[in-house]
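Q: This is the content of protein_19.txt (compact mmCIF, C-alpha atoms):
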```txt
# COMPACT_ATOMS: atom_id res chain seq x y z
CA MET A 1 -36.93 30.25 -3.35
CA HIS A 2 -37.21 31.28 0.27
CA SER A 3 -36.62 28.35 2.63
CA THR A 4 -38.15 28.05 6.06
CA GLY A 5 -35.53 25.56 7.22
CA SER A 6 -38.27 23.64 9.03
CA GLY A 7 -38.60 20.50 6.93
CA VAL A 8 -42.24 21.35 6.12
CA PRO A 9 -43.96 22.84 3.07
CA GLU A 10 -43.38 26.55 2.57
CA ALA A 11 -45.90 28.85 0.99
CA GLY A 12 -45.37 29.36 -2.72
CA ALA A 13 -44.93 32.86 -4.06
CA ALA A 14 -47.31 34.22 -6.65
CA SER A 15 -46.11 33.79 -10.21
CA SER A 16 -47.30 35.03 -13.57
CA GLY A 17 -46.15 31.82 -15.26
CA PRO A 18 -47.83 28.40 -15.30
CA PRO A 19 -48.63 26.77 -11.95
CA GLN A 20 -45.66 25.02 -10.36
CA ALA A 21 -45.60 21.96 -8.13
CA PRO A 22 -45.37 22.91 -4.44
CA ALA A 23 -41.81 22.87 -3.12
CA LEU A 24 -40.99 21.29 0.23
CA ALA A 25 -37.89 22.94 1.71
CA LEU A 26 -35.98 20.16 3.49
CA HIS A 27 -33.40 21.49 5.93
CA ARG A 28 -34.32 19.55 9.06
CA GLY A 29 -37.10 17.37 10.42
CA LEU A 30 -39.17 14.31 9.52
CA LEU A 31 -41.85 14.50 6.83
CA ASP A 32 -44.19 11.58 6.08
CA LEU A 33 -45.62 11.78 2.54
CA ARG A 34 -46.80 8.18 2.17
CA GLY A 35 -50.22 9.12 0.84
CA ARG A 36 -51.38 11.28 3.74
CA THR A 37 -54.10 13.79 2.95
CA ASP A 38 -53.75 16.09 5.97
CA THR A 39 -50.47 17.61 4.79
CA PRO A 40 -49.76 19.22 1.40
CA PRO A 41 -49.14 17.98 -1.17
CA ALA A 42 -52.16 15.72 -1.60
CA PRO A 43 -51.27 12.19 -2.78
CA SER A 44 -52.41 12.98 -6.35
CA SER A 45 -50.46 16.27 -6.70
CA PRO A 46 -46.86 16.58 -7.97
CA PHE A 47 -44.38 18.16 -5.58
CA THR A 48 -40.70 19.08 -5.40
CA LEU A 49 -38.18 18.11 -2.74
CA ALA A 50 -35.95 21.19 -2.32
CA TYR A 51 -32.53 20.94 -0.65
CA PRO A 52 -29.52 23.19 0.05
CA ALA A 53 -26.86 23.50 -2.64
CA ASN A 54 -24.34 21.29 -0.82
CA ALA A 55 -26.78 18.61 0.37
CA VAL A 56 -26.02 14.89 0.27
CA VAL A 57 -29.34 13.07 -0.22
CA VAL A 58 -29.43 9.29 0.31
CA VAL A 59 -32.31 7.53 -1.46
CA SER A 60 -33.07 4.19 0.20
CA GLY A 61 -35.57 1.39 -0.30
CA LEU A 62 -35.91 -2.25 -1.23
CA PRO A 63 -34.50 -3.46 -4.55
CA GLY A 64 -37.25 -2.77 -7.08
CA SER A 65 -38.88 0.02 -5.05
CA GLY A 66 -38.09 2.71 -7.65
CA LYS A 67 -34.89 4.33 -6.37
CA SER A 68 -33.23 4.48 -9.79
CA THR A 69 -36.41 5.84 -11.40
CA LEU A 70 -36.57 8.63 -8.82
CA LEU A 71 -32.88 9.42 -9.27
CA ARG A 72 -33.29 9.75 -13.04
CA ARG A 73 -35.32 12.91 -12.34
CA ALA A 74 -32.27 14.58 -10.81
CA PRO A 75 -31.45 18.10 -12.03
CA ALA A 76 -28.38 18.68 -14.18
CA GLN A 77 -26.37 20.25 -11.34
CA ALA A 78 -26.54 17.11 -9.17
CA THR A 79 -24.17 14.16 -9.24
CA VAL A 80 -25.95 10.80 -9.02
CA ILE A 81 -24.16 7.79 -7.54
CA ASP A 82 -25.77 4.48 -8.44
CA PRO A 83 -23.88 1.24 -7.70
CA ARG A 84 -25.46 -0.24 -10.82
CA ALA A 85 -23.21 2.03 -12.89
CA VAL A 86 -20.14 0.53 -11.20
CA HIS A 87 -21.51 -2.98 -11.68
CA VAL A 88 -21.93 -2.38 -15.42
CA ALA A 89 -18.48 -0.78 -15.76
CA CYS A 90 -16.78 -3.73 -14.03
CA GLU A 91 -18.80 -6.25 -16.00
CA ALA A 92 -17.68 -4.64 -19.26
CA VAL A 93 -13.99 -5.40 -18.59
CA MET A 94 -14.48 -8.93 -17.26
CA PRO A 95 -14.80 -12.12 -19.34
CA ASP A 96 -18.37 -13.28 -19.89
CA TRP A 97 -17.73 -16.62 -18.19
CA LEU A 98 -16.67 -15.04 -14.87
CA PRO A 99 -19.55 -14.82 -12.35
CA TYR A 100 -20.17 -11.38 -10.85
CA GLY A 101 -19.91 -12.85 -7.35
CA LEU A 102 -16.19 -13.42 -7.84
CA TYR A 103 -15.40 -9.79 -8.57
CA ARG A 104 -18.13 -8.21 -6.43
CA PRO A 105 -15.60 -7.10 -3.75
CA TRP A 106 -13.65 -5.20 -6.42
CA ALA A 107 -16.84 -3.52 -7.67
CA ARG A 108 -17.81 -2.55 -4.13
CA TRP A 109 -14.36 -1.11 -3.47
CA LYS A 110 -14.61 1.01 -6.62
CA HIS A 111 -18.09 2.18 -5.56
CA ILE A 112 -16.86 3.21 -2.10
CA ARG A 113 -13.85 4.99 -3.62
CA TRP A 114 -16.14 6.90 -6.01
CA LEU A 115 -18.51 7.80 -3.21
CA HIS A 116 -15.67 8.98 -0.97
CA ARG A 117 -14.33 11.21 -3.74
CA GLU A 118 -17.72 12.81 -4.38
CA LEU A 119 -18.42 13.35 -0.66
CA ARG A 120 -15.32 15.54 -0.56
CA GLY A 121 -16.81 17.86 -3.17
CA ASP A 122 -19.22 20.74 -2.79
CA GLY A 123 -22.14 20.30 -5.19
CA PRO A 124 -25.42 18.46 -4.60
CA LEU A 125 -25.10 14.70 -4.40
CA LEU A 126 -27.78 12.00 -4.74
CA VAL A 127 -26.81 8.52 -3.53
CA HIS A 128 -28.59 5.24 -4.31
CA ASP A 129 -28.33 3.03 -1.21
CA CYS A 130 -30.24 0.00 0.08
CA GLY A 131 -30.62 1.68 3.49
CA SER A 132 -30.46 -1.54 5.52
CA ARG A 133 -26.88 -0.95 6.70
CA PRO A 134 -26.84 1.97 9.17
CA TRP A 135 -23.04 2.02 9.34
CA VAL A 136 -22.87 3.02 5.64
CA ARG A 137 -25.16 5.99 6.27
CA ARG A 138 -23.20 7.00 9.37
CA TRP A 139 -19.94 6.84 7.42
CA MET A 140 -21.39 9.04 4.68
CA ALA A 141 -22.67 11.51 7.28
CA ARG A 142 -19.23 11.77 8.91
CA ALA A 143 -17.43 12.15 5.58
CA ALA A 144 -19.90 14.79 4.39
CA GLY A 145 -19.86 16.56 7.77
CA ARG A 146 -16.13 17.15 7.52
CA ARG A 147 -16.94 19.33 4.50
CA GLY A 148 -19.85 21.03 6.28
CA ARG A 149 -22.36 19.17 4.11
CA PRO A 150 -25.68 17.98 5.61
CA LEU A 151 -26.90 14.46 4.93
CA HIS A 152 -30.60 13.92 4.16
CA LEU A 153 -32.56 10.69 3.78
CA VAL A 154 -35.41 9.85 1.38
CA LEU A 155 -36.89 6.45 2.18
CA LEU A 156 -39.24 4.59 -0.20
CA ASP A 157 -41.82 2.44 1.57
CA VAL A 158 -43.51 0.25 -1.05
CA GLY A 159 -43.71 -3.16 0.60
CA ARG A 160 -42.28 -6.53 -0.32
CA ALA A 161 -44.81 -7.50 -3.01
CA GLU A 162 -44.53 -4.20 -4.88
CA ALA A 163 -40.72 -4.30 -4.72
CA LEU A 164 -40.67 -7.83 -6.16
CA SER A 165 -43.02 -6.67 -8.91
CA GLY A 166 -40.64 -3.79 -9.65
CA GLN A 167 -37.76 -6.24 -9.99
CA GLU A 168 -39.77 -8.29 -12.46
CA SER A 169 -40.61 -5.24 -14.56
CA ARG A 170 -36.96 -4.17 -14.80
CA GLY A 171 -35.82 -7.71 -15.62
CA ARG A 172 -33.37 -8.03 -12.72
CA ARG A 173 -33.96 -10.01 -9.55
CA ALA A 174 -31.98 -9.40 -6.38
CA PRO A 175 -30.62 -12.59 -4.79
CA ARG A 176 -33.19 -14.03 -2.39
CA ARG A 177 -30.94 -13.89 0.68
CA ALA A 178 -29.82 -10.34 -0.06
CA PHE A 179 -33.42 -9.21 -0.58
CA ALA A 180 -34.49 -10.82 2.71
CA ARG A 181 -31.62 -9.09 4.54
CA HIS A 182 -32.55 -5.70 3.08
CA HIS A 183 -36.22 -6.28 3.92
CA ARG A 184 -35.46 -7.05 7.58
CA GLY A 185 -33.22 -4.01 8.00
CA LEU A 186 -35.58 -1.60 6.26
CA ASP A 187 -38.63 -2.96 8.06
CA ARG A 188 -37.04 -2.18 11.43
CA LEU A 189 -36.12 1.31 10.29
CA LEU A 190 -39.57 2.03 8.83
CA ARG A 191 -41.31 0.88 12.01
CA ARG A 192 -39.30 3.31 14.09
CA LEU A 193 -39.83 6.17 11.65
CA SER A 194 -43.55 5.44 11.41
CA GLU A 195 -43.86 5.56 15.20
CA ALA A 196 -42.08 8.92 15.25
CA ALA A 197 -44.23 10.29 12.41
CA ALA A 198 -47.47 9.20 14.11
CA GLY A 199 -46.73 10.87 17.43
CA PRO A 200 -47.10 14.59 18.22
CA PRO A 201 -43.85 16.61 18.12
CA PRO A 202 -42.48 17.79 21.47
CA ALA A 203 -42.67 21.49 22.20
CA ALA A 204 -38.89 21.79 21.93
CA VAL A 205 -39.00 21.32 18.14
CA ARG A 206 -41.90 23.66 17.39
CA PRO A 207 -41.10 26.61 15.08
CA SER A 208 -39.42 29.67 16.48
CA ALA A 209 -41.26 32.98 16.56
CA ASP A 210 -39.55 34.02 13.31
CA GLU A 211 -40.69 30.84 11.57
CA ALA A 212 -44.22 30.71 12.98
CA ALA A 213 -45.72 32.88 10.22
CA GLU A 214 -44.33 30.60 7.52
CA VAL A 215 -45.06 27.18 9.05
CA PRO A 216 -48.61 25.81 8.78
CA ALA A 217 -50.08 25.65 12.27
CA HIS A 218 -51.45 22.13 11.72
CA ARG A 219 -48.08 20.68 10.74
CA PRO A 220 -45.16 21.70 12.98
CA PRO A 221 -41.85 20.01 12.15
CA LEU A 222 -41.25 16.57 13.61
CA PRO A 223 -37.89 15.68 15.17
CA VAL A 224 -35.57 13.23 13.46
CA PRO A 225 -35.66 10.07 15.61
CA PRO A 226 -32.46 8.60 17.11
CA CYS A 227 -32.45 5.70 14.62
CA VAL A 228 -31.42 8.20 11.89
CA ALA A 229 -29.85 10.90 14.03
CA GLU A 230 -27.10 11.28 11.42
CA ALA A 231 -29.64 12.71 8.94
CA ALA A 232 -30.66 16.38 9.02
CA SER A 233 -34.02 15.51 7.45
CA VAL A 234 -36.01 12.40 6.55
CA VAL A 235 -38.75 12.11 3.91
CA LEU A 236 -40.96 9.02 3.71
CA LEU A 237 -42.46 8.29 0.28
CA GLY A 238 -44.94 5.52 -0.51
CA GLY A 239 -46.42 3.95 -3.62
CA PRO A 240 -48.76 6.90 -4.39
CA THR A 241 -46.15 9.61 -3.84
CA ARG A 242 -42.83 8.21 -5.10
CA GLY A 243 -43.88 8.82 -8.72
CA LEU A 244 -44.87 12.44 -8.05
CA ALA A 245 -41.66 13.73 -6.50
CA THR A 246 -39.04 15.80 -8.33
CA TRP A 247 -35.82 17.38 -7.10
CA GLU A 248 -34.54 20.91 -6.64
CA PHE A 249 -31.24 22.15 -5.22
CA ALA A 250 -30.21 25.70 -4.43
CA ARG A 251 -27.46 27.01 -6.70
CA LEU A 252 -23.86 27.26 -5.63
CA PRO A 253 -22.22 30.66 -6.21
CA ARG A 254 -20.65 29.62 -9.52
CA PRO A 255 -21.72 29.36 -13.17
CA ALA A 256 -24.73 27.10 -13.64
CA ASP A 257 -24.11 23.62 -15.00
CA SER A 258 -25.82 22.43 -18.16
CA GLY A 259 -26.71 19.13 -19.73
CA THR A 260 -28.00 15.99 -18.02
CA PRO A 261 -27.44 14.76 -14.46
CA ARG A 262 -23.88 13.57 -13.91
CA LEU A 263 -24.19 9.82 -13.63
CA ARG A 264 -20.66 8.54 -13.72
CA SER A 265 -19.20 5.09 -13.33
CA GLY A 266 -16.52 6.12 -10.88
CA THR A 267 -13.87 4.27 -12.81
```
Show me this structure written as structure tokens.
A:
Amino acid sequence: MHSTGSGVPEAGAASSGPPQAPALALHRGLLDLRGRTDTPPAPSSPFTLAYPANAVVVVSGLPGSGKSTLLRRAPAQATVIDPRAVHVACEAVMPDWLPYGLYRPWARWKHIRWLHRELRGDGPLLVHDCGSRPWVRRWMARAAGRRGRPLHLVLLDVGRAEALSGQESRGRRAPRRAFARHHRGLDRLLRRLSEAAAGPPPAAVRPSADEAAEVPAHRPPLPVPPCVAEAASVVLLGGPTRGLATWEFARLPRPADSGTPRLRSGT
């Protein structure tokens, strides 16, 4: 696939096979796909989020917003880091009578150690994160940057009621205080990103002459706002679009992996 590097949809090449979902090449910029109809793909059309081979993609949203469901669509070459896997692994070696709150610090330490180890690698990495703690994202960006790896953000905006409904359907409820803390942090972040997405992009971030032929004239790339300056690109997904997105990563110059996405416990 030929990437424009603009963070906007690139034109698909003609193919003799069955129609494929449009691929959005995410190298830099802000892209709002929360059900908008003025930018491909339309809310009812499947699409693919395409990233570089060494990308670190952080998937954020409220508990119950569908982060784990989206991550289960990861391609085989990507490593998926979900703190739930660490929670389950720690729970398996603890006595049933011991509350999780007592060994939560140990589980978090194991999660951070696992994440740190994977950030030092080279292959594509998908990270499940609540998104309400900017310092965690900045730490990941610094750790990945030391390896020359860009950090990208995918943020799910589904609202409080829909997130609570998602928790009910999965049979797990986040603690009320923790959910309220995540909601406050994400609400601030989403307000800032929505303001940036609604405004016209400054001339300084318009496509170069080489890119102009490949970038739709009605949708020049938007700059990443200062609130997420550590991210090379940001994608906003809403209720209509979170279920339509799939993943694609460029291949590293090594034999292709096979099997299912690498979801490991980090233990």
Q: Measure the distance from CA of His152 (chain A) to CA of Ala196 (chain A) in Å and round it to one decimal.
A: 16.7 Å
Q: If you count all atoms listed in the file, which residues fall within 12 Å of Trp106 (chain A), apart from same-chain ones fewer than 2 positions away, as a list in words?
A: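 Close residues of Trp106 (chain A): Val86, His87, Ala89, Cys90, Glu91, Met94, Tyr100, Gly101, Leu102, Tyr103, Arg104, Arg108, Trp109, Lys110, His111, Ile112, Arg113 and Thr267 of chain A.
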Q: Report the distance between CA of Gly29 (chain A) and CA of Arg73 (chain A) in Å, rounded to one decimal place.
A: 23.3 Å
Q: Using all atoms listed in the file, find the one residue out of A:Val235, A:Leu186, A:Leu115, A:Leu156 that sits nearest to Ser65 (chain A).
A: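 With all atoms listed in the file as the atom set, the closest residue is A:Leu156.
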Q: Which residue is closest to Ala50 (chain A)? Choose from A:Pro83, A:Pro124, A:Pro134, A:Gly66 and count all atoms listed in the file.
A: A:Pro124
Q: Counting only C-alpha atoms, which of A:Pro226, A:Gly145, A:Gly238, A:Pro175 gets nearest to Leu193 (chain A)?
A: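 The answer is A:Pro226, which sits nearest to Leu193 (chain A).
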Q: To one decimal place, how far is CA of Ala144 (chain A) from CA of Ala180 (chain A) in Å?
A: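 If I compute the distance from CA of Ala144 (chain A) to CA of Ala180 (chain A), I get 29.5 Å.
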